[in-house]
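Here's the structure, in structure tokens; my notes come after.
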Amino acid sequence: MKNKRWIYLFIGLIILIAGVFIITAAVDKTKQWHSAATNIKIVIDGSEKTLQQAINEDLFTGSHTYSSPSAIPSGGHKADAIWVSVGGTENNLIQALSSTGICANTPTSSYTGPTDKSKAYHYATEIEVTVDGSAMSLQDAIDSGKWCYGWILVPGNSALGTSDFLVMKYEAKNVNGKPVSQEALTPWTNLYFNNAKTACESLGSGYHLLTNAEWMTIAKNIESTPASWTGGAVGNGMIKRGNVGTDDAGSYNGADPEYGTGRNTKAELKLSTGASIWDFSGNADEWVNGMCSPGVGANFWTNADNGYKEWTYSGFADLERAEAGPSTSIDYGSNPSSKGAGIADDICLYDNNRFSRGGMYVSRTYGGIFSVSVYEITATYGNPQGFRSSWTGFRCAKTFDEYTYSWDAGSWSSCTNNNRARTVSCKRNDGTQVADSYCTGTKPPSSQACWEGQGCNSCPWGFSQPSGDIHKYCKVNGRQGSWYYTIGTPYWKEWTYQDQSGYTGAHCGYGSSTTFKWRIID
């Protein structure tokens with residue numbers, strides 16, 4: 001009996017271990033494997049924090065130093081044991097934060113994996129974090145642009161033809177000849193339009209000078225966000241103008257221009273997402289990639305009455321206000337500039353004149369998020385490259401959805417046991433398979449019922465003209481059935497298929513040919 005007891009205990013132990021492996025195998029490691037709230041530790045600017053604390057305190061953007069704790073957290077991991085992909089470049093989390101940052105906007109479908117096998121790495125897909133109230137994997141948060149250093153995500157506006165995109169949080173600064181979004185350094189000014197455009201494009205694929213449609217997407221979003229109005233509600237008070245050279249509820253007179261930390265928050269505007277954008281009005285005027293065609297009437301920018309104009313000017317009603325001005329649904333009164341909307345200056349005189357927007361540190365009440373000046377880019381003021389000034393800077397953007405996504409359905413398999421299957425996946429336009437969540441619309445079916453058979457084909461028997469009803473048996477894909485045909489008047493035939501389960505297939509049709517045909521539904 002003792003031997004049997006030990007045998008039973010041994011069998012029970014094996015079953016328990018097998019159960020643990022089965023349960024472990026069922027864990028979805030792409031969503032929750034380790035919690036950032038307690039299990040992952042990182043040192044930022046000398047202070048040890050959990051990964052979730054760092055996220056909550058927005059410490060993955062801005063200028064910080066990153067390192068791992070000296071000791072492995074109890075039951076957890078150091079940050080340098082987390083493997084991430086940032087736009088296809090793989091590193092441990094500390095290396096990524098300390099070099100390029102973790103700003104990306106492309107999905108990660110796979111990893112090549114770490115070359116250093118001395119550590120027990122966990123992929124970022126296995127780390128659960130909470131960002132903006134939503135639980136997701138650390139990798140998904142990186143891929144969606146949550147921590148773009150000095151950049152913010154702007155929701156698209158279908159009325160303006162824009163999709164989600166990234167934009168510099170600060171006016172561009174010159175760092176070793178590259179435009180960088182940061183608080184430090186004076187804005188990069190005194191560039192010709194084409195130089196500003198080239199500077200943004202030098203950052204890589206998808207980067208570009210902010211377009212007028214994108215500027216308007218940001219401006220309309222700010223306009224509809226209560227926190228950007230001095231009265232705390234849309235239409236109440238004025239939209240904050242920032243550093244424009246005068247003091248009022250939404251403006252102040254700062255340095256020419258300003259930069260750095262600890263600045264006046266009148267220069268900080270809010271989007272509906274809660275993100276901040278600085279100096280979108282005032283400080284430095286900004287080139288945007290837009291142009292005008294002068295004329296009178298619809299589809300033309302007015303070339304009359306050169307000078308400063310309020311957005312209520314009658315000549316703006318047909319095109320200009322819709323393309324560059326404030327919303328008509330908000331009551332700005334007869335002088336929208338008094339409510340922080342800005343004005344239009346130097347109306348279009350030549351084809352392909354370019355826009356600069358937002359006003360500058362001496363614009364005073366003329367500055368605002370809808371302020372626009374229209375400048376020539378060639379042969380202006382005797383300069384063959386056009387206009388530039390010490391007060392005109394720029395801001396770069398990055399297309400957030402440079403990829404398109406669609407369902408990709410493979411070929412159907414052969415019909416087996418009345419069922420056929422195919423592979424259906426979501427693919428990017430470069431052929432990369434990504435998570436289904438990137439595709440829109442109903443996912444095509446990956447399986448469906450079918451009827452084994454070959455469609456309408458010649459009858460397996462040869463017949464001369466029959467003289468009466470005939471009953472034959474045959475097999476199709478191993479299934480036995482009966483074939484009936486009945487002689488009509490004269491020489492017209494009808495045939496059906498009936499299998500052993502009693503299923504009757506549809507008629508192939510009628511005819512006077514002596515070649516009898518049949519079909520099985522597929």
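The way I read the labels, and the way they are meant: chains A, B, ... in the order of the structure tokens, residue 1 as the first residue of every chain, and ligand 1 as the first ligand shown, with later ones counted on from there.
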
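Using only C-alpha atoms, the contacts of stretch 283-285 of chain A at a cut-off of 8 Å, with sequence neighbours closer than 6 positions omitted, comprise A:Glu171, A:Pro187, A:Thr189, A:Gly242, A:Asn243, A:Val244, A:Asp256, A:Pro257, A:Glu258, A:Ser356, A:Arg357, A:Gly358, A:Gly359, A:Met360, A:Tyr361, A:Trp391, A:Thr392, A:Gly393, A:Phe394.
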
Serialized selection, N, CA and C atoms, as a compact mmCIF listing (two decimals), in the first residue's frame:
```
# COMPACT_ATOMS: atom_id res chain seq x y z
N GLU A 171 9.69 76.06 -30.13
CA GLU A 171 10.22 76.55 -31.40
C GLU A 171 11.59 75.93 -31.64
N PRO A 187 15.48 80.73 -30.02
CA PRO A 187 14.90 80.14 -31.23
C PRO A 187 15.82 80.36 -32.44
N THR A 189 16.40 81.55 -35.76
CA THR A 189 15.75 82.53 -36.64
C THR A 189 16.69 82.94 -37.76
N GLY A 242 0.93 85.13 -25.10
CA GLY A 242 2.31 84.93 -24.73
C GLY A 242 3.16 86.19 -24.84
N ASN A 243 4.41 86.00 -25.23
CA ASN A 243 5.39 87.09 -25.29
C ASN A 243 5.24 87.90 -26.57
N VAL A 244 4.39 88.93 -26.52
CA VAL A 244 4.14 89.76 -27.70
C VAL A 244 4.48 91.24 -27.45
N ASP A 256 13.56 89.44 -26.01
CA ASP A 256 13.37 89.45 -27.47
C ASP A 256 14.38 88.54 -28.17
N PRO A 257 14.11 87.26 -28.28
CA PRO A 257 12.99 86.46 -27.77
C PRO A 257 13.36 85.78 -26.46
N GLU A 258 12.41 85.01 -25.92
CA GLU A 258 12.63 84.29 -24.67
C GLU A 258 12.99 82.83 -24.93
N SER A 356 4.11 83.17 -42.76
CA SER A 356 4.68 83.02 -41.42
C SER A 356 3.54 83.31 -40.45
N ARG A 357 3.58 82.66 -39.27
CA ARG A 357 2.40 82.68 -38.43
C ARG A 357 2.72 82.89 -36.96
N GLY A 358 1.73 83.35 -36.21
CA GLY A 358 1.79 83.42 -34.77
C GLY A 358 2.18 84.75 -34.17
N GLY A 359 2.84 85.60 -34.97
CA GLY A 359 3.29 86.87 -34.40
C GLY A 359 4.61 86.71 -33.68
N MET A 360 5.15 87.82 -33.15
CA MET A 360 6.48 87.79 -32.54
C MET A 360 6.49 88.63 -31.27
N TYR A 361 7.69 88.83 -30.74
CA TYR A 361 7.84 89.48 -29.46
C TYR A 361 7.51 90.97 -29.47
N TRP A 391 13.48 87.83 -36.43
CA TRP A 391 12.32 87.47 -35.59
C TRP A 391 11.51 86.30 -36.16
N THR A 392 11.94 85.75 -37.30
CA THR A 392 11.18 84.65 -37.92
C THR A 392 11.93 83.33 -37.77
N GLY A 393 11.31 82.41 -37.05
CA GLY A 393 11.87 81.08 -36.86
C GLY A 393 10.99 80.03 -37.52
N PHE A 394 10.93 78.85 -36.93
CA PHE A 394 10.14 77.78 -37.54
C PHE A 394 9.92 76.66 -36.52
```

**Request:** May I have all residues of stretch 234-290 of chain A that DSSP, computed from the backbone, assigns to strand (DSSP E or B), given as a VMD selection string?
**Result:** chain A and resid 239 242 to 243 248 251 to 252 268 to 270 276 to 278 285 to 290

Selected residues written out with N, CA and C atoms, as a PDB file, in the first residue's frame:
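So the final result, stored in selection.pdb, reads:
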```pdb
ATOM      1  N   ILE A 239      -7.756  84.167 -25.865  1.00  0.00           N
ATOM      2  CA  ILE A 239      -6.759  83.111 -26.028  1.00  0.00           C
ATOM      3  C   ILE A 239      -5.401  83.696 -25.661  1.00  0.00           C
ATOM      4  N   GLY A 242       0.925  85.135 -25.096  1.00  0.00           N
ATOM      5  CA  GLY A 242       2.315  84.932 -24.735  1.00  0.00           C
ATOM      6  C   GLY A 242       3.159  86.185 -24.844  1.00  0.00           C
ATOM      7  N   ASN A 243       4.410  86.004 -25.235  1.00  0.00           N
ATOM      8  CA  ASN A 243       5.392  87.091 -25.285  1.00  0.00           C
ATOM      9  C   ASN A 243       5.238  87.901 -26.568  1.00  0.00           C
ATOM     10  N   ASP A 248      -1.276  92.191 -20.660  1.00  0.00           N
ATOM     11  CA  ASP A 248      -2.715  92.115 -20.409  1.00  0.00           C
ATOM     12  C   ASP A 248      -3.002  90.715 -19.885  1.00  0.00           C
ATOM     13  N   SER A 251      -1.185  88.237 -22.233  1.00  0.00           N
ATOM     14  CA  SER A 251       0.072  88.612 -22.884  1.00  0.00           C
ATOM     15  C   SER A 251       1.052  89.189 -21.874  1.00  0.00           C
ATOM     16  N   TYR A 252       2.339  89.217 -22.274  1.00  0.00           N
ATOM     17  CA  TYR A 252       3.339  89.867 -21.428  1.00  0.00           C
ATOM     18  C   TYR A 252       4.491  90.355 -22.300  1.00  0.00           C
ATOM     19  N   GLU A 268       2.302  79.366 -22.678  1.00  0.00           N
ATOM     20  CA  GLU A 268       1.989  77.938 -22.757  1.00  0.00           C
ATOM     21  C   GLU A 268       0.521  77.755 -23.121  1.00  0.00           C
ATOM     22  N   LEU A 269       0.277  77.138 -24.275  1.00  0.00           N
ATOM     23  CA  LEU A 269      -1.081  76.859 -24.720  1.00  0.00           C
ATOM     24  C   LEU A 269      -1.366  75.371 -24.604  1.00  0.00           C
ATOM     25  N   LYS A 270      -2.626  75.036 -24.406  1.00  0.00           N
ATOM     26  CA  LYS A 270      -3.018  73.649 -24.173  1.00  0.00           C
ATOM     27  C   LYS A 270      -3.841  73.089 -25.327  1.00  0.00           C
ATOM     28  N   SER A 276       1.018  70.403 -23.784  1.00  0.00           N
ATOM     29  CA  SER A 276       1.358  71.827 -23.864  1.00  0.00           C
ATOM     30  C   SER A 276       2.191  72.109 -25.106  1.00  0.00           C
ATOM     31  N   ILE A 277       1.984  73.264 -25.697  1.00  0.00           N
ATOM     32  CA  ILE A 277       2.829  73.746 -26.779  1.00  0.00           C
ATOM     33  C   ILE A 277       3.195  75.192 -26.440  1.00  0.00           C
ATOM     34  N   TRP A 278       4.486  75.516 -26.555  1.00  0.00           N
ATOM     35  CA  TRP A 278       4.985  76.817 -26.117  1.00  0.00           C
ATOM     36  C   TRP A 278       5.243  77.745 -27.294  1.00  0.00           C
ATOM     37  N   ASP A 285       8.089  84.752 -34.810  1.00  0.00           N
ATOM     38  CA  ASP A 285       7.224  84.440 -35.935  1.00  0.00           C
ATOM     39  C   ASP A 285       7.703  83.115 -36.521  1.00  0.00           C
ATOM     40  N   GLU A 286       6.825  82.316 -37.150  1.00  0.00           N
ATOM     41  CA  GLU A 286       7.247  80.990 -37.622  1.00  0.00           C
ATOM     42  C   GLU A 286       6.838  80.741 -39.071  1.00  0.00           C
ATOM     43  N   TRP A 287       7.837  80.313 -39.874  1.00  0.00           N
ATOM     44  CA  TRP A 287       7.541  79.886 -41.234  1.00  0.00           C
ATOM     45  C   TRP A 287       6.636  78.651 -41.206  1.00  0.00           C
ATOM     46  N   VAL A 288       5.638  78.620 -42.090  1.00  0.00           N
ATOM     47  CA  VAL A 288       4.872  77.400 -42.333  1.00  0.00           C
ATOM     48  C   VAL A 288       4.808  77.164 -43.829  1.00  0.00           C
ATOM     49  N   ASN A 289       4.657  75.915 -44.204  1.00  0.00           N
ATOM     50  CA  ASN A 289       4.637  75.559 -45.620  1.00  0.00           C
ATOM     51  C   ASN A 289       3.226  75.731 -46.181  1.00  0.00           C
ATOM     52  N   GLY A 290       2.928  76.958 -46.545  1.00  0.00           N
ATOM     53  CA  GLY A 290       1.664  77.282 -47.201  1.00  0.00           C
ATOM     54  C   GLY A 290       1.929  78.382 -48.193  1.00  0.00           C
TER      55      GLY A 290
END
```

**Request:** Please provide as a VMD selection string all residues within 12 Å of stretch 313-316 of chain A, with the sequence filter that same-chain residues fewer than 2 positions apart are discarded (counting only C-alpha atoms).
**Result:** chain A and resid 295 to 311 318 to 326 328 334 to 336 343 to 345 347 to 348

Selection to disk with N, CA and C atoms, as a JSON list (two decimals), in the first residue's frame:
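File selection-v8.json, as written:
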```
[["chain", "number", "residue", "atom", "x", "y", "z"],
["A", 295, "GLY", "N", -5.61, 87.49, -55.93],
["A", 295, "GLY", "CA", -6.73, 87.76, -56.82],
["A", 295, "GLY", "C", -7.94, 88.22, -56.04],
["A", 296, "VAL", "N", -9.07, 88.18, -56.70],
["A", 296, "VAL", "CA", -10.32, 88.60, -56.08],
["A", 296, "VAL", "C", -11.33, 87.47, -56.24],
["A", 297, "GLY", "N", -12.08, 87.18, -55.17],
["A", 297, "GLY", "CA", -13.11, 86.17, -55.25],
["A", 297, "GLY", "C", -12.65, 84.83, -54.69],
["A", 298, "ALA", "N", -13.52, 83.84, -54.83],
["A", 298, "ALA", "CA", -13.25, 82.51, -54.30],
["A", 298, "ALA", "C", -11.96, 81.94, -54.88],
["A", 299, "ASN", "N", -11.25, 81.16, -54.06],
["A", 299, "ASN", "CA", -10.00, 80.49, -54.44],
["A", 299, "ASN", "C", -8.80, 81.43, -54.57],
["A", 300, "PHE", "N", -8.99, 82.69, -54.23],
["A", 300, "PHE", "CA", -7.86, 83.62, -54.29],
["A", 300, "PHE", "C", -7.71, 84.35, -52.96],
["A", 301, "TRP", "N", -6.47, 84.68, -52.63],
["A", 301, "TRP", "CA", -6.19, 85.54, -51.49],
["A", 301, "TRP", "C", -6.22, 86.98, -51.97],
["A", 302, "THR", "N", -6.84, 87.81, -51.17],
["A", 302, "THR", "CA", -6.97, 89.20, -51.60],
["A", 302, "THR", "C", -5.60, 89.87, -51.75],
["A", 303, "ASN", "N", -5.48, 90.66, -52.80],
["A", 303, "ASN", "CA", -4.24, 91.41, -53.01],
["A", 303, "ASN", "C", -4.50, 92.91, -52.91],
["A", 304, "ALA", "N", -5.64, 93.24, -52.30],
["A", 304, "ALA", "CA", -6.01, 94.65, -52.14],
["A", 304, "ALA", "C", -5.81, 95.09, -50.70],
["A", 305, "ASP", "N", -5.74, 96.40, -50.51],
["A", 305, "ASP", "CA", -5.68, 96.97, -49.17],
["A", 305, "ASP", "C", -4.54, 96.38, -48.34],
["A", 306, "ASN", "N", -3.36, 96.46, -48.88],
["A", 306, "ASN", "CA", -2.19, 95.93, -48.19],
["A", 306, "ASN", "C", -2.07, 96.53, -46.79],
["A", 307, "GLY", "N", -1.82, 95.67, -45.78],
["A", 307, "GLY", "CA", -1.67, 96.15, -44.42],
["A", 307, "GLY", "C", -2.37, 95.24, -43.43],
["A", 308, "TYR", "N", -2.43, 95.67, -42.17],
["A", 308, "TYR", "CA", -3.04, 94.87, -41.11],
["A", 308, "TYR", "C", -4.55, 94.84, -41.25],
["A", 309, "LYS", "N", -5.13, 93.67, -41.11],
["A", 309, "LYS", "CA", -6.58, 93.53, -41.21],
["A", 309, "LYS", "C", -7.10, 92.58, -40.14],
["A", 310, "GLU", "N", -8.22, 92.95, -39.54],
["A", 310, "GLU", "CA", -8.91, 92.03, -38.64],
["A", 310, "GLU", "C", -9.53, 90.90, -39.47],
["A", 311, "TRP", "N", -9.77, 89.76, -38.80],
["A", 311, "TRP", "CA", -10.35, 88.62, -39.51],
["A", 311, "TRP", "C", -11.82, 88.85, -39.88],
["A", 318, "ASP", "N", -14.52, 84.88, -48.32],
["A", 318, "ASP", "CA", -14.67, 83.84, -49.34],
["A", 318, "ASP", "C", -13.64, 82.72, -49.21],
["A", 319, "LEU", "N", -12.46, 82.99, -48.64],
["A", 319, "LEU", "CA", -11.42, 81.97, -48.59],
["A", 319, "LEU", "C", -10.51, 82.11, -47.36],
["A", 320, "GLU", "N", -9.98, 83.31, -47.16],
["A", 320, "GLU", "CA", -8.89, 83.50, -46.22],
["A", 320, "GLU", "C", -9.22, 83.06, -44.79],
["A", 321, "ARG", "N", -10.41, 83.45, -44.31],
["A", 321, "ARG", "CA", -10.72, 83.11, -42.92],
["A", 321, "ARG", "C", -10.84, 81.60, -42.74],
["A", 322, "ALA", "N", -11.42, 80.93, -43.71],
["A", 322, "ALA", "CA", -11.55, 79.46, -43.62],
["A", 322, "ALA", "C", -10.18, 78.79, -43.68],
["A", 323, "GLU", "N", -9.28, 79.35, -44.44],
["A", 323, "GLU", "CA", -7.98, 78.72, -44.67],
["A", 323, "GLU", "C", -6.96, 79.09, -43.60],
["A", 324, "ALA", "N", -7.15, 80.22, -42.94],
["A", 324, "ALA", "CA", -6.11, 80.66, -42.01],
["A", 324, "ALA", "C", -6.63, 81.36, -40.76],
["A", 325, "GLY", "N", -7.94, 81.60, -40.65],
["A", 325, "GLY", "CA", -8.46, 82.41, -39.56],
["A", 325, "GLY", "C", -9.24, 81.67, -38.51],
["A", 326, "PRO", "N", -9.77, 82.38, -37.53],
["A", 326, "PRO", "CA", -10.51, 81.78, -36.41],
["A", 326, "PRO", "C", -11.88, 81.28, -36.84],
["A", 328, "THR", "N", -15.81, 80.82, -37.10],
["A", 328, "THR", "CA", -16.94, 81.75, -37.09],
["A", 328, "THR", "C", -17.97, 81.35, -36.04],
["A", 334, "SER", "N", -16.31, 92.28, -33.17],
["A", 334, "SER", "CA", -15.85, 92.95, -34.40],
["A", 334, "SER", "C", -14.33, 93.03, -34.50],
["A", 335, "ASN", "N", -13.63, 92.80, -33.36],
["A", 335, "ASN", "CA", -12.17, 92.85, -33.36],
["A", 335, "ASN", "C", -11.61, 91.56, -32.74],
["A", 336, "PRO", "N", -11.50, 90.49, -33.54],
["A", 336, "PRO", "CA", -11.00, 89.22, -33.00],
["A", 336, "PRO", "C", -9.62, 89.33, -32.36],
["A", 343, "ILE", "N", -4.09, 88.93, -36.27],
["A", 343, "ILE", "CA", -4.55, 89.62, -37.48],
["A", 343, "ILE", "C", -3.83, 89.05, -38.70],
["A", 344, "ALA", "N", -4.26, 89.52, -39.88],
["A", 344, "ALA", "CA", -3.58, 89.18, -41.14],
["A", 344, "ALA", "C", -2.81, 90.40, -41.61],
["A", 345, "ASP", "N", -1.57, 90.19, -42.07],
["A", 345, "ASP", "CA", -0.68, 91.29, -42.43],
["A", 345, "ASP", "C", -0.06, 91.02, -43.80],
["A", 347, "ILE", "N", -1.05, 91.31, -47.14],
["A", 347, "ILE", "CA", -1.88, 90.41, -47.93],
["A", 347, "ILE", "C", -1.20, 90.05, -49.24],
["A", 348, "CYS", "N", -1.56, 88.88, -49.78],
["A", 348, "CYS", "CA", -0.87, 88.25, -50.91],
["A", 348, "CYS", "C", -0.75, 89.19, -52.13]]
```

**Message:** From the options A:Thr198, A:Asn39, A:Asn264, A:Ser327, which residue's atoms come nearest to A:Phe370, counting only C-alpha atoms?
**Reply:** A:Ser327

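Each of A:Pro73, A:Pro444, A:Pro294, A:Gly260 was compared to A:Asp279 using only C-alpha atoms, and A:Gly260 turns out to be the nearest.
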
**Close residues, A:Ala54 itself excluded, 9 Å, only C-alpha atoms, min 5 positions apart in chain, as a list of chain:residue names** = A:Ile42, A:Ile44, A:Lys49, A:Leu59, A:Phe60

Please write the residues from the selection above to a file, keeping all heavy atoms, as a PDB file, in the first residue's frame.
```
ATOM      1  N   ILE A  42      14.288  52.325 -11.999  1.00  0.00           N
ATOM      2  CA  ILE A  42      15.161  53.149 -12.827  1.00  0.00           C
ATOM      3  C   ILE A  42      15.642  54.332 -11.988  1.00  0.00           C
ATOM      4  O   ILE A  42      14.926  54.790 -11.085  1.00  0.00           O
ATOM      5  CB  ILE A  42      14.430  53.630 -14.108  1.00  0.00           C
ATOM      6  CG1 ILE A  42      15.374  54.381 -15.039  1.00  0.00           C
ATOM      7  CG2 ILE A  42      13.212  54.479 -13.749  1.00  0.00           C
ATOM      8  CD1 ILE A  42      14.757  54.685 -16.397  1.00  0.00           C
ATOM      9  N   ILE A  44      16.687  58.226 -12.170  1.00  0.00           N
ATOM     10  CA  ILE A  44      16.589  59.414 -13.020  1.00  0.00           C
ATOM     11  C   ILE A  44      17.080  60.621 -12.241  1.00  0.00           C
ATOM     12  O   ILE A  44      16.561  60.920 -11.153  1.00  0.00           O
ATOM     13  CB  ILE A  44      15.141  59.636 -13.508  1.00  0.00           C
ATOM     14  CG1 ILE A  44      14.635  58.392 -14.261  1.00  0.00           C
ATOM     15  CG2 ILE A  44      15.055  60.862 -14.412  1.00  0.00           C
ATOM     16  CD1 ILE A  44      13.202  58.490 -14.724  1.00  0.00           C
ATOM     17  N   LYS A  49      13.320  55.434  -8.919  1.00  0.00           N
ATOM     18  CA  LYS A  49      11.863  55.429  -9.072  1.00  0.00           C
ATOM     19  C   LYS A  49      11.432  54.136  -9.724  1.00  0.00           C
ATOM     20  O   LYS A  49      12.231  53.453 -10.373  1.00  0.00           O
ATOM     21  CB  LYS A  49      11.407  56.609  -9.940  1.00  0.00           C
ATOM     22  CG  LYS A  49      11.756  57.985  -9.375  1.00  0.00           C
ATOM     23  CD  LYS A  49      11.304  59.092 -10.302  1.00  0.00           C
ATOM     24  CE  LYS A  49      11.678  60.454  -9.737  1.00  0.00           C
ATOM     25  NZ  LYS A  49      10.915  60.778  -8.500  1.00  0.00           N
ATOM     26  N   LEU A  59       8.960  61.892 -16.942  1.00  0.00           N
ATOM     27  CA  LEU A  59      10.419  61.988 -16.893  1.00  0.00           C
ATOM     28  C   LEU A  59      11.102  61.326 -18.090  1.00  0.00           C
ATOM     29  O   LEU A  59      12.325  61.187 -18.100  1.00  0.00           O
ATOM     30  CB  LEU A  59      10.934  61.373 -15.585  1.00  0.00           C
ATOM     31  CG  LEU A  59      10.505  62.112 -14.307  1.00  0.00           C
ATOM     32  CD1 LEU A  59      10.994  61.381 -13.070  1.00  0.00           C
ATOM     33  CD2 LEU A  59      11.001  63.553 -14.327  1.00  0.00           C
ATOM     34  N   PHE A  60      10.317  60.902 -19.071  1.00  0.00           N
ATOM     35  CA  PHE A  60      10.913  60.345 -20.287  1.00  0.00           C
ATOM     36  C   PHE A  60      11.022  61.402 -21.376  1.00  0.00           C
ATOM     37  O   PHE A  60      11.381  61.096 -22.514  1.00  0.00           O
ATOM     38  CB  PHE A  60      10.114  59.146 -20.798  1.00  0.00           C
ATOM     39  CG  PHE A  60      10.266  57.921 -19.922  1.00  0.00           C
ATOM     40  CD1 PHE A  60       9.350  56.893 -19.997  1.00  0.00           C
ATOM     41  CD2 PHE A  60      11.315  57.812 -19.028  1.00  0.00           C
ATOM     42  CE1 PHE A  60       9.484  55.763 -19.202  1.00  0.00           C
ATOM     43  CE2 PHE A  60      11.457  56.702 -18.230  1.00  0.00           C
ATOM     44  CZ  PHE A  60      10.538  55.671 -18.307  1.00  0.00           C
TER      45      PHE A  60
END
```

**Request:** Give me every alpha helix (DSSP H) residue in stretch 234-399 of chain A, going by DSSP on the backbone, as JSON, numbers by chain.
**Result:** {"A": [320, 321, 322, 323, 324]}

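Distance check against A:Arg420 using only C-alpha atoms: of A:Ala449, A:Ala172, A:Val374, A:Leu93, the minimum falls on A:Ala449.
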
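Here atom CA of A:Thr125 is placed at a distance of 23.6 Å from atom CA of A:Phe165.
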